[in-house]
Structure formats: C-alpha cells, structure tokens
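The file model27.txt comes next; it holds compact mmCIF, C-alpha atoms.
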```
# COMPACT_ATOMS: atom_id res chain seq x y z
CA MET A 1 118.30 149.74 94.63
CA ALA A 2 118.18 149.27 98.40
CA ASP A 3 116.02 146.46 99.73
CA SER A 4 112.77 147.67 101.34
CA THR A 5 111.68 144.47 103.08
CA LEU A 6 112.39 145.76 106.59
CA SER A 7 110.71 149.08 105.82
CA LEU A 8 107.61 147.26 104.58
CA LEU A 9 107.46 145.15 107.74
CA LEU A 10 107.80 148.25 109.92
CA ARG A 11 105.47 150.56 107.97
CA GLY A 12 102.78 148.13 106.83
CA TYR A 13 99.98 149.79 104.89
CA ALA A 14 101.77 153.15 104.93
CA TRP A 15 104.91 151.83 103.24
CA LEU A 16 103.85 152.00 99.58
CA PRO A 17 101.82 155.26 99.77
CA ASP A 18 104.80 156.90 101.53
CA ARG A 19 107.22 155.63 98.89
CA ARG A 20 104.92 156.88 96.14
CA ARG A 21 104.74 160.36 97.70
CA ARG A 22 108.52 160.48 97.92
CA SER A 23 108.79 159.46 94.27
CA GLY A 24 106.56 162.36 93.21
CA GLY A 25 103.84 160.01 91.95
CA ALA A 26 106.17 158.06 89.64
CA PRO A 27 106.15 154.24 89.79
CA VAL A 28 108.04 153.07 92.86
CA ARG A 29 111.14 151.00 92.13
CA THR A 30 112.80 149.03 94.89
CA ARG A 31 113.62 145.48 96.02
CA LEU A 32 111.78 143.12 98.34
CA LEU A 33 113.57 140.02 99.64
CA GLY A 34 116.24 140.87 97.08
CA LYS A 35 113.81 140.77 94.15
CA ARG A 36 113.44 143.70 91.76
CA VAL A 37 110.07 145.45 92.29
CA VAL A 38 108.05 148.13 90.53
CA ALA A 39 104.80 149.37 92.11
CA LEU A 40 101.96 150.84 90.04
CA HIS A 41 99.00 152.99 91.06
CA GLY A 42 95.69 154.17 89.63
CA PRO A 43 92.82 152.93 87.43
CA ALA A 44 95.00 152.70 84.32
CA ALA A 45 97.49 150.64 86.32
CA VAL A 46 94.65 148.31 87.37
CA ARG A 47 93.78 147.64 83.72
CA PHE A 48 97.45 147.15 82.86
CA PHE A 49 98.04 144.81 85.80
CA TYR A 50 95.06 142.56 85.07
CA ASP A 51 96.03 142.01 81.44
CA GLU A 52 97.55 138.50 81.35
CA ASP A 53 99.76 139.56 78.44
CA HIS A 54 101.44 141.86 80.95
CA ILE A 55 101.33 140.13 84.33
CA HIS A 56 101.49 136.48 85.35
CA ARG A 57 100.67 135.15 88.81
CA ARG A 58 102.48 131.84 88.66
CA GLY A 59 105.65 132.14 90.71
CA ALA A 60 104.77 135.62 91.93
CA LEU A 61 103.31 134.85 95.34
CA PRO A 62 105.87 134.29 98.12
CA GLU A 63 105.78 130.77 99.51
CA PRO A 64 104.81 132.00 103.00
CA VAL A 65 101.68 133.61 101.51
CA ILE A 66 100.77 130.44 99.59
CA ASP A 67 101.43 128.24 102.61
CA THR A 68 99.17 130.33 104.86
CA LEU A 69 96.56 132.26 102.88
CA PHE A 70 95.88 130.55 99.55
CA GLY A 71 97.30 127.02 99.67
CA GLN A 72 99.57 125.10 97.30
CA GLY A 73 97.99 124.59 93.88
CA ALA A 74 95.26 127.17 94.49
CA VAL A 75 93.50 129.00 91.66
CA HIS A 76 95.43 132.15 92.63
CA THR A 77 98.68 130.53 91.44
CA LEU A 78 97.43 129.64 87.93
CA ASP A 79 97.48 131.50 84.62
CA GLY A 80 95.94 131.07 81.17
CA GLU A 81 93.52 128.24 80.42
CA PRO A 82 94.11 126.35 83.70
CA HIS A 83 93.19 129.52 85.58
CA ARG A 84 90.11 130.22 83.45
CA VAL A 85 88.73 126.69 83.91
CA ARG A 86 89.36 126.61 87.67
CA LYS A 87 88.12 130.20 88.07
CA GLY A 88 84.95 129.28 86.16
CA MET A 89 84.05 126.92 88.98
CA PHE A 90 84.29 129.74 91.52
CA LEU A 91 82.33 132.14 89.32
CA HIS A 92 79.54 129.57 89.06
CA LEU A 93 79.50 129.12 92.83
CA LEU A 94 80.00 132.64 94.11
CA LYS A 95 78.27 134.90 91.56
CA ASP A 96 74.88 133.15 91.57
CA GLN A 97 72.56 135.64 93.29
CA GLU A 98 70.26 132.94 94.68
CA GLU A 99 73.25 131.32 96.34
CA VAL A 100 74.45 134.69 97.66
CA ARG A 101 71.03 135.27 99.20
CA ALA A 102 70.97 131.75 100.66
CA LEU A 103 74.31 132.29 102.39
CA THR A 104 73.26 135.73 103.63
CA ASP A 105 70.05 134.29 105.05
CA ARG A 106 72.05 131.67 106.95
CA VAL A 107 74.32 134.37 108.40
CA VAL A 108 71.32 136.47 109.51
CA LEU A 109 69.75 133.43 111.17
CA GLY A 110 73.03 132.52 112.84
CA TRP A 111 73.41 136.09 114.12
CA GLU A 112 69.92 136.08 115.62
CA GLU A 113 70.60 132.79 117.38
CA ALA A 114 73.96 134.05 118.67
CA VAL A 115 72.49 137.27 120.07
CA GLU A 116 70.44 135.29 122.56
CA GLY A 117 73.63 133.84 124.00
CA TRP A 118 75.42 137.19 124.00
CA ARG A 119 72.72 138.75 126.16
CA GLY A 120 73.32 136.14 128.81
CA ARG A 121 77.09 136.60 128.78
CA GLY A 122 77.06 140.36 129.22
CA ARG A 123 80.24 141.09 127.24
CA ILE A 124 81.56 139.83 123.89
CA GLN A 125 84.29 140.60 121.37
CA VAL A 126 82.62 141.40 118.05
CA PHE A 127 85.43 140.07 115.85
CA ASP A 128 85.52 136.59 117.38
CA GLU A 129 81.76 136.24 117.59
CA VAL A 130 81.19 137.27 113.97
CA ALA A 131 83.90 134.82 112.88
CA GLY A 132 82.00 132.06 114.66
CA VAL A 133 78.69 133.02 113.05
CA LEU A 134 80.28 133.13 109.60
CA THR A 135 82.09 129.82 110.08
CA ARG A 136 78.90 127.97 110.97
CA ALA A 137 76.87 129.63 108.22
CA VAL A 138 79.34 129.06 105.39
CA HIS A 139 79.87 125.41 106.31
CA ALA A 140 76.13 124.78 106.31
CA TRP A 141 75.67 126.66 103.01
CA ALA A 142 78.64 124.97 101.33
CA GLY A 143 77.58 121.49 102.49
CA VAL A 144 80.76 120.92 104.50
CA PRO A 145 80.23 118.85 107.65
CA LEU A 146 81.12 120.78 110.80
CA PRO A 147 80.82 119.11 114.21
CA GLN A 148 79.19 121.59 116.55
CA ALA A 149 81.76 120.89 119.23
CA GLY A 150 84.60 121.77 116.84
CA ALA A 151 83.15 124.86 115.24
CA ASP A 152 85.04 127.35 117.40
CA GLY A 153 88.36 125.67 116.64
CA VAL A 154 87.66 125.73 112.90
CA ALA A 155 86.76 129.43 113.15
CA ARG A 156 90.06 130.14 114.91
CA ASP A 157 91.97 128.26 112.20
CA LEU A 158 90.25 130.13 109.36
CA VAL A 159 91.00 133.44 111.06
CA ALA A 160 94.62 132.40 111.70
CA MET A 161 95.23 131.70 107.99
CA VAL A 162 94.35 135.30 107.16
CA ASP A 163 95.96 136.84 110.22
CA GLY A 164 99.36 135.26 109.65
CA PHE A 165 99.95 135.54 105.91
CA ALA A 166 101.92 138.82 106.05
CA SER A 167 103.90 138.20 109.21
CA GLY A 168 106.74 136.14 110.56
CA GLY A 169 107.13 134.44 113.90
CA PRO A 170 104.21 133.06 115.93
CA ARG A 171 101.42 134.46 113.73
CA GLN A 172 102.77 132.77 110.62
CA LEU A 173 103.44 129.55 112.49
CA ARG A 174 99.84 129.50 113.73
CA ALA A 175 98.64 130.12 110.18
CA ARG A 176 100.69 127.23 108.77
CA VAL A 177 99.54 124.84 111.49
CA ALA A 178 95.92 125.93 110.99
CA ARG A 179 96.09 125.44 107.22
CA ASN A 180 97.64 121.99 107.51
CA ARG A 181 95.03 120.93 110.03
CA GLN A 182 92.10 122.16 107.91
CA GLU A 183 93.51 120.81 104.64
CA ARG A 184 93.79 117.37 106.24
CA ARG A 185 90.24 117.59 107.60
CA LEU A 186 88.78 118.62 104.26
CA ALA A 187 90.86 116.16 102.20
CA ARG A 188 89.37 113.33 104.29
CA LEU A 189 85.89 114.67 103.56
CA VAL A 190 86.71 114.86 99.82
CA GLU A 191 87.87 111.23 99.82
CA ARG A 192 84.76 110.14 101.74
CA GLU A 193 82.49 111.94 99.24
CA ARG A 194 84.21 110.24 96.31
CA ASP A 195 84.18 106.85 98.02
CA ASN A 196 80.44 107.21 98.50
CA GLY A 197 80.06 107.40 94.73
CA GLY A 198 78.53 110.89 94.50
CA THR A 199 78.50 112.51 91.07
CA GLY A 200 77.82 116.09 92.12
CA ALA A 201 74.59 116.39 90.10
CA GLY A 202 71.09 115.10 89.43
CA GLY A 203 67.71 114.49 90.97
CA GLY A 204 66.70 118.12 91.39
CA VAL A 205 68.74 118.22 94.61
CA ARG A 206 70.85 121.33 95.17
CA VAL A 207 74.48 120.70 94.31
CA THR A 208 76.45 122.16 97.17
CA PRO A 209 79.65 124.15 96.66
CA PHE A 210 81.54 121.36 98.41
CA ARG A 211 80.32 118.72 95.97
CA THR A 212 81.00 121.07 93.04
CA VAL A 213 84.65 121.32 94.06
CA VAL A 214 84.92 117.60 94.80
CA HIS A 215 83.72 116.69 91.30
CA HIS A 216 85.30 119.57 89.38
CA ARG A 217 87.50 118.64 86.42
CA ASP A 218 90.42 120.86 85.53
CA ALA A 219 91.50 121.98 82.06
CA ASP A 220 93.20 118.61 81.46
CA GLY A 221 89.98 116.75 82.34
CA SER A 222 91.26 115.38 85.64
CA LEU A 223 89.71 115.61 89.09
CA LEU A 224 91.56 117.69 91.64
CA ASP A 225 93.63 115.55 93.96
CA PRO A 226 92.10 115.47 97.46
CA ARG A 227 94.57 117.96 98.95
CA THR A 228 94.07 120.48 96.12
CA ALA A 229 90.31 120.03 96.36
CA ALA A 230 90.64 120.77 100.08
CA VAL A 231 92.63 123.90 99.24
CA GLU A 232 89.86 125.15 96.95
CA VAL A 233 87.13 124.36 99.50
CA LEU A 234 89.14 126.46 101.94
CA ASN A 235 89.19 129.20 99.31
CA ILE A 236 85.42 129.36 99.77
CA LEU A 237 85.34 129.02 103.56
CA ARG A 238 88.32 131.22 104.46
CA PRO A 239 87.38 134.38 102.48
CA THR A 240 83.84 134.21 103.84
CA VAL A 241 85.14 134.17 107.41
CA ALA A 242 87.54 137.00 106.47
CA VAL A 243 84.45 139.23 106.22
CA SER A 244 84.93 139.38 110.03
CA TRP A 245 87.53 142.08 109.41
CA PHE A 246 85.05 144.23 107.50
CA ALA A 247 82.34 143.51 110.10
CA VAL A 248 84.47 144.77 112.98
CA PHE A 249 85.32 147.84 110.89
CA ALA A 250 81.57 148.39 110.42
CA ALA A 251 81.14 148.25 114.21
CA HIS A 252 84.01 150.72 114.56
CA ALA A 253 82.40 153.07 112.02
CA LEU A 254 79.02 152.94 113.76
CA HIS A 255 80.75 153.80 117.03
CA ARG A 256 82.57 156.78 115.53
CA TRP A 257 79.69 157.97 113.36
CA PRO A 258 76.48 156.82 115.10
CA GLU A 259 74.37 159.09 112.88
CA HIS A 260 74.37 156.28 110.29
CA ARG A 261 72.52 153.86 112.58
CA ALA A 262 69.07 155.26 111.82
CA ALA A 263 69.57 155.02 108.06
CA LEU A 264 70.75 151.41 108.36
CA ARG A 265 67.71 150.53 110.46
CA GLY A 266 65.41 152.16 107.93
CA ASP A 267 65.03 149.14 105.65
CA ASP A 268 66.92 150.85 102.84
CA PRO A 269 69.05 148.25 100.98
CA ALA A 270 70.66 150.99 98.86
CA PHE A 271 72.02 152.74 101.95
CA ALA A 272 73.19 149.46 103.49
CA LEU A 273 75.12 148.70 100.29
CA ALA A 274 76.57 152.24 100.20
CA PHE A 275 77.66 151.85 103.84
CA ALA A 276 79.31 148.51 103.04
CA GLN A 277 81.18 150.01 100.09
CA LYS A 278 82.33 152.90 102.26
CA VAL A 279 83.68 150.53 104.89
CA ARG A 280 85.59 148.64 102.19
CA ARG A 281 87.10 151.84 100.82
CA PHE A 282 87.79 153.62 104.09
CA TYR A 283 89.34 150.89 106.23
CA PRO A 284 92.58 148.98 105.45
CA PHE A 285 92.33 145.43 104.14
CA ALA A 286 94.86 144.32 101.48
CA PRO A 287 97.78 146.76 101.06
CA PHE A 288 98.70 145.63 97.53
CA ILE A 289 98.80 142.58 95.27
CA GLY A 290 101.61 141.29 93.07
CA GLY A 291 102.45 139.50 89.86
CA LEU A 292 105.43 138.95 87.57
CA ALA A 293 106.11 140.87 84.37
CA ALA A 294 105.36 138.40 81.58
CA GLY A 295 107.88 140.02 79.24
CA ARG A 296 109.65 143.27 78.58
CA LEU A 297 106.97 145.89 79.36
CA ARG A 298 106.60 149.64 79.07
CA TRP A 299 104.73 151.60 81.72
CA GLU A 300 104.54 155.40 81.70
CA GLY A 301 107.53 155.56 79.42
CA ARG A 302 109.72 153.31 81.55
CA THR A 303 110.88 149.77 80.94
CA VAL A 304 109.85 146.92 83.22
CA ARG A 305 112.16 143.94 82.82
CA PRO A 306 110.79 140.40 82.39
CA GLY A 307 110.29 138.64 85.70
CA THR A 308 110.11 141.88 87.71
CA LEU A 309 107.70 141.69 90.64
CA VAL A 310 104.94 144.18 89.85
CA LEU A 311 102.87 145.45 92.77
CA LEU A 312 99.47 147.09 92.37
CA ASP A 313 98.78 149.63 95.11
CA LEU A 314 95.35 148.95 96.68
CA TYR A 315 95.33 150.79 100.00
CA GLY A 316 96.90 153.90 98.50
CA GLN A 317 94.44 153.95 95.59
CA ASN A 318 91.47 153.63 97.94
CA HIS A 319 92.73 156.74 99.76
CA ASP A 320 93.82 158.76 96.72
CA SER A 321 92.33 162.27 96.92
CA ASP A 322 92.32 162.49 93.11
CA LEU A 323 89.80 159.64 93.04
CA TRP A 324 88.10 160.19 96.39
CA PRO A 325 87.71 163.82 97.48
CA ARG A 326 88.25 164.05 101.26
CA PRO A 327 89.36 160.40 101.41
CA TYR A 328 89.51 160.32 105.22
CA VAL A 329 85.90 161.43 105.68
CA PHE A 330 83.43 158.59 106.25
CA ASP A 331 80.50 159.52 103.99
CA PRO A 332 78.49 156.61 102.53
CA SER A 333 76.52 158.95 100.24
CA ARG A 334 79.43 158.76 97.77
CA PHE A 335 78.20 155.28 96.82
CA ARG A 336 74.47 155.84 97.06
CA GLY A 337 72.97 155.64 93.59
CA THR A 338 76.45 155.62 92.06
CA PRO A 339 77.92 152.19 91.40
CA ALA A 340 81.55 151.79 92.37
CA GLN A 341 83.84 151.72 89.36
CA PRO A 342 85.69 148.39 89.37
CA ASP A 343 89.05 149.93 88.46
CA GLU A 344 88.75 152.67 91.10
CA LEU A 345 87.48 150.89 94.22
CA VAL A 346 89.91 148.02 94.75
CA PRO A 347 89.86 146.69 98.34
CA GLN A 348 89.91 143.13 96.98
CA GLY A 349 91.73 143.86 93.74
CA GLY A 350 90.51 145.07 90.36
CA GLY A 351 89.77 143.90 86.86
CA ASP A 352 86.98 141.59 85.65
CA PRO A 353 86.45 138.46 87.76
CA ALA A 354 85.23 136.57 84.69
CA THR A 355 88.45 137.04 82.76
CA GLY A 356 91.14 137.87 85.32
CA HIS A 357 92.25 137.34 88.89
CA ARG A 358 89.75 139.67 90.58
CA CYS A 359 88.12 138.02 93.59
CA PRO A 360 84.85 136.35 92.50
CA GLY A 361 83.50 136.57 96.05
CA GLU A 362 82.93 140.33 96.18
CA ASP A 363 79.17 139.89 95.75
CA ILE A 364 79.18 137.68 98.84
CA THR A 365 81.36 140.15 100.76
CA LEU A 366 79.03 143.03 99.96
CA ALA A 367 75.87 141.06 100.74
CA LEU A 368 77.21 139.80 104.07
CA LEU A 369 78.70 143.13 105.09
CA SER A 370 75.48 144.98 104.21
CA ALA A 371 73.46 142.51 106.28
CA LEU A 372 75.88 142.58 109.22
CA ALA A 373 75.90 146.39 109.25
CA VAL A 374 72.10 146.41 109.49
CA LEU A 375 72.19 143.79 112.26
CA LEU A 376 74.80 145.77 114.21
CA SER A 377 72.76 148.95 113.86
CA GLY A 378 69.74 147.20 115.33
CA LEU A 379 71.62 145.83 118.35
CA SER A 380 71.57 147.81 121.58
CA TYR A 381 74.85 147.70 123.50
CA ARG A 382 77.45 149.75 125.32
CA VAL A 383 81.07 150.17 124.18
CA PRO A 384 83.32 150.05 127.27
CA GLU A 385 86.69 151.74 127.51
CA GLN A 386 89.17 149.81 125.33
CA ASP A 387 91.93 150.24 122.75
CA LEU A 388 90.13 150.86 119.44
CA ALA A 389 93.26 152.02 117.60
CA ILE A 390 93.77 150.43 114.18
CA PRO A 391 97.55 150.04 113.71
CA LEU A 392 98.68 150.52 110.11
CA ASN A 393 101.96 148.69 110.72
CA ARG A 394 100.07 145.40 111.20
CA ILE A 395 98.78 143.47 108.16
CA PRO A 396 95.95 142.57 108.27
CA THR A 397 94.85 145.08 110.84
CA ALA A 398 91.77 145.55 113.01
CA PRO A 399 90.90 147.43 116.20
CA ARG A 400 93.39 146.19 118.79
CA SER A 401 90.65 145.18 121.19
CA GLY A 402 88.62 143.27 118.59
CA PHE A 403 85.80 145.69 119.52
CA VAL A 404 84.28 144.67 122.83
CA ILE A 405 80.63 145.42 123.59
CA GLU A 406 78.57 144.83 126.73
CA ASP A 407 75.06 145.31 128.17
CA ILE A 408 73.67 143.74 125.01
CA ARG A 409 69.91 144.06 124.55
```
Can you give me the file's structure in the form of structure tokens?
Amino acid sequence: MADSTLSLLLRGYAWLPDRRRRSGGAPVRTRLLGKRVVALHGPAAVRFFYDEDHIHRRGALPEPVIDTLFGQGAVHTLDGEPHRVRKGMFLHLLKDQEEVRALTDRVVLGWEEAVEGWRGRGRIQVFDEVAGVLTRAVHAWAGVPLPQAGADGVARDLVAMVDGFASGGPRQLRARVARNRQERRLARLVERERDNGGTGAGGGVRVTPFRTVVHHRDADGSLLDPRTAAVEVLNILRPTVAVSWFAVFAAHALHRWPEHRAALRGDDPAFALAFAQKVRRFYPFAPFIGGLAAGRLRWEGRTVRPGTLVLLDLYGQNHDSDLWPRPYVFDPSRFRGTPAQPDELVPQGGGDPATGHRCPGEDITLALLSALAVLLSGLSYRVPEQDLAIPLNRIPTAPRSGFVIEDIR
C-alpha cells in the first residue's frame, strides 16, 4: 500500500471522504507515516471503534499530537481501569449540570463586559475576542489563578495548542512552546496548592475543578505528579477555549443565513440548542480519530491485523447524505425536538462518555455554543469585506480572516 501522509497533509478534511468515495464505500486501507491504516465509517463503525475489546488508545496517538494537543500522560492515552478512574474525574467535573450552568453564566457575563470595550474600538476579530472571553471565564470557574495582565498570552497559548496539533513547521513549534509554558505554570500552581495543605473537600465550600484534579488519586491510589496534574488541568481549560472555533463558525453561519437571528433572539432554548448542533455537524472540526487494533479483528468481512491503526471518519460521517439528507444545507430544524443520536452526530467523537473515550465536555460545548450564538444574534455590527473562506486543507480550520466585525452597537 502506498503511503498517504503527503496526500492527507495536502487534502486535509477532504482526504478521507475522497478516499472512501474512490473505494466504493469499502473501508479505506492505506499507510500513514509508514504505518498500516484502515479507516471505518458509519454508526456501526462508531460502536465497533469504541469497544475497548476492539480498539486501544495507548500508543495510537502520534507523539506530535500528544506533545501539542493532549499532553504526555493525559487521560486520552490510557485504556482499561486506569482510563476509567481518570475519566471518572472528568465526568464528575464536566457533566454536572449546575457546573455547566455556572461556567456558561461566567461566559455570558464576560461577553457582556467585553462588548463595552469592543464598541470603543470600532473593529474586532471574533475568534480572538471569544478566545479571550472563554479563557478568563474558564479560569475563574475552574479556580485557576490567572493574572489579568497575562490573560491574553494564556489565551494565545491555549489556542496555539489546538491550532498546531495537525501541522508541521511554525504552527507545531508554537504549539509545543505554548504547552510547555502552560504546563510549567500550572505545575507550579499544583505544587503550591499541595504545599498549602488543601485536601480538596469539606466545609460546604465548592470544590473547584482545579482542586479536584490536584487531589485526584489514580487507579493505583497515587496522586498525579505535578506535571501530569497540569496536563489534566489543561484538558479542562484548552477544550473550553477550543469552543472559539465553533463560535466563529456560528458567526459565519449567521452572516450567511441571517434569517436565523430572529429565532435565536426569541428566548427559545430549544432553537438555540438546535442551532448549536447544526453548527457542530455542518462545519469542520476534527477530521477523524484513531486507535490501535487490540487483536485480530473482523470488520465487514475483512481482517484487521493486530496493531493496525484504525481511523474513525468524523467529518465524512457528519456530511454523509445517507444520514443527513441535503448535508450541505444549513437547517437547524433537523435537531429541533429530535435529539442527536450519539453514534450519528460525531463532531467530537462517538460512543458513551461514561464507558469509553467520547469527550465528556460535550455538554459544556453545547451550552457555551448555544449561549454564544444567542449573544452574537443580539449584537449589532457590520461585516466588512474580508476573506471568509474556510480552507479544508487546513486542520483545524476557520474563516481565514477570523471573522472581523465593525460598527459594533
């Protein structure tokens, strides 16, 4: 099999859907970085992929992805009982609806405060400004100290970790530098918290996500070392700030289809949620995810050898006309009153977050994106001439201009 690494780098999100079309819908077989690969697609493939008897994550993620996006020793790199215990901490933190509302409220308040400054400046870039709002809000919610003077730099670092994970050259270098800088900052805060003798509980005082991570004990009963604790704190902060990508896509959608503004302003939470789900399905986020075949597997009558890198197609599935009639039409009504099926809508992966590797932060993503869409719809502004193209050969992608607005009222 020829190696497809260069083709993937050149084609980006379109690479796997194109390969699947050329294969007639059969599983794609190729090589990436010399490693044997099979790519699966569809709801049945989601269930197959998230069965730990089939697919393991340990050793599957390329080192550049770990060193930029997730961090060494992160929950994403674990399997079995170690993964379940570490993942349980995140489920406790990120699935609690009171905590989701508390974070959302902080984002709304931060947005309202930021708007006052935007009006005085005349012109802003939506992506950067939302990243700043999210950075400040999630630090305050998580109980992580953030000097006001350094907030913009932290926001840039959190964005850089996501922006550089699938690239080489300067973007990846910036991501590595940003991760090292933020891991060091947070490891010092972890050590300070432990030196101060905190236990992470008691007294009727809210236990912050930061303190929960600091005092978490893994499956072997041990505390996380300070650097690994910092990694897992970043795995709360970084994905929250990554909602900036969805937020700028929401701004893009409202620009292209302004008829949805009135419904978003109409105090209808069901429509806001449907709009958020549509943004997540329609726009590109993760192209695919990967794991290693745990043993000799059979899929659709074909053998998958042990250790094969198995990719699960996300972008292609979210644009599959068999699942989504007219997949390139932006129509939020598809999700109004009809809950998204977890093995069909997979912008952040599939499966059950309680038992597998599905992102436990989807509730937060949906709550924040719904709120930000409503806030954007209520803001009066003008969209000047700019490059709003969304290049599919860049991962992760966004409008090239970052979506600039002016005359904000």
Please provide the set of residues having any atom within 12 Å of A:Ala253, restricted to only C-alpha atoms, with same-chain residues fewer than 6 positions apart removed, written as a VMD selection string. chain A and resid 246 to 247 259 to 261 275 to 276 278 to 280 282 to 283 329 to 332 373 376 to 377 388 390 399 403
Excluding stretch 33-45 of chain A and residues on its chain fewer than 3 positions from it, collect all residues at most 9 Å away from it, counting all atoms listed in the file, and give them as a count of residues only. 37
Pick from A:Phe335, A:Trp141, A:Phe90, A:Trp324, whichever lies nearest to A:His76 using all atoms listed in the file: A:Phe90
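Note that the spacing between atom CA of A:Val248 and atom CA of A:Ala274 amounts to 16.8 Å.
Of the residues under consideration (A:Ala286, A:Ala293, A:Ala229, A:Ala178), A:Ala286 shows the shortest atom-to-atom contact distance to A:Gly12 when counting all atoms listed in the file.
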Nearby residues (all atoms listed in the file) at most 6 Å from stretch 154-160 of chain A, same-chain spacing under 6 positions excluded, as a list in words: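 So the residues in contact are Gly132, Thr135, Ala175, Ala178 and Arg238 of chain A.
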Computed interatomic separation between atom CA of A:Ala166 and atom CA of A:Ile395 (Å):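 Atom-to-atom, atom CA of A:Ala166 to atom CA of A:Ile395, that is 6.0 Å.
Using all atoms listed in the file, the smallest distance between any of A:Arg358, A:His252, A:Val100, A:Ser23 and A:Asp387 comes from A:His252.
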In terms of the shortest atom-to-atom distance over all atoms listed in the file, which of A:Leu237, A:Ala367, A:Val190, A:Val205 is closest to A:Ala270?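 Result for the nearest residue to A:Ala270: A:Ala367.
Using all atoms listed in the file, the shortest contact distance between A:Glu52 and any of A:Gly361, A:Pro347, A:Gly73, A:Gly295 is found at A:Gly295.
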Which residue is closest to A:Leu61? Choose from A:Leu78, A:Ala294, A:Val133, A:Val46 and count all atoms listed in the file.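 Counting all atoms listed in the file, the residue closest to A:Leu61 is A:Leu78.
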Expressed in Å to a single decimal, how great is the separation between atom CA of A:Val162 and atom CA of A:Ala398?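 Spanning atom CA of A:Val162 to atom CA of A:Ala398 is a straight-line distance of 12.1 Å.
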Give me the residues near A:Arg84 as a list in words, where near means some atom within 9 Å (using all atoms listed in the file) and where sequence neighbours in that chain fewer than 2 positions away do not count. Val75, Leu78, Asp79, Gly80, Glu81, Pro82, Arg86, Lys87, Gly88, Met89, Ala219, Ala354, Thr355 and Gly356 of chain A
Could you check which residues have any atom within 9 Å of (83.4, 138.8, 114.2), counting all atoms listed in the file with coordinates taken straight from the file, and then list them as a list in words? Gln125, Val126, Phe127, Asp128, Glu129, Val130, Ala131, Gly132, Val133, Leu134, Val241, Ala242, Val243, Ser244, Trp245, Phe246, Ala247, Val248 and Gly402 of chain A
Output file for the residues above (C-alpha atoms, as a PDB file, in the coordinates of the input):
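Below you can see result.pdb, which holds the result:
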```pdb
ATOM      1  CA  GLN A 125      84.290 140.600 121.370  1.00  0.00           C
ATOM      2  CA  VAL A 126      82.620 141.400 118.050  1.00  0.00           C
ATOM      3  CA  PHE A 127      85.430 140.070 115.850  1.00  0.00           C
ATOM      4  CA  ASP A 128      85.520 136.590 117.380  1.00  0.00           C
ATOM      5  CA  GLU A 129      81.760 136.240 117.590  1.00  0.00           C
ATOM      6  CA  VAL A 130      81.190 137.270 113.970  1.00  0.00           C
ATOM      7  CA  ALA A 131      83.900 134.820 112.880  1.00  0.00           C
ATOM      8  CA  GLY A 132      82.000 132.060 114.660  1.00  0.00           C
ATOM      9  CA  VAL A 133      78.690 133.020 113.050  1.00  0.00           C
ATOM     10  CA  LEU A 134      80.280 133.130 109.600  1.00  0.00           C
ATOM     11  CA  VAL A 241      85.140 134.170 107.410  1.00  0.00           C
ATOM     12  CA  ALA A 242      87.540 137.000 106.470  1.00  0.00           C
ATOM     13  CA  VAL A 243      84.450 139.230 106.220  1.00  0.00           C
ATOM     14  CA  SER A 244      84.930 139.380 110.030  1.00  0.00           C
ATOM     15  CA  TRP A 245      87.530 142.080 109.410  1.00  0.00           C
ATOM     16  CA  PHE A 246      85.050 144.230 107.500  1.00  0.00           C
ATOM     17  CA  ALA A 247      82.340 143.510 110.100  1.00  0.00           C
ATOM     18  CA  VAL A 248      84.470 144.770 112.980  1.00  0.00           C
ATOM     19  CA  GLY A 402      88.620 143.270 118.590  1.00  0.00           C
TER      20      GLY A 402
END
```
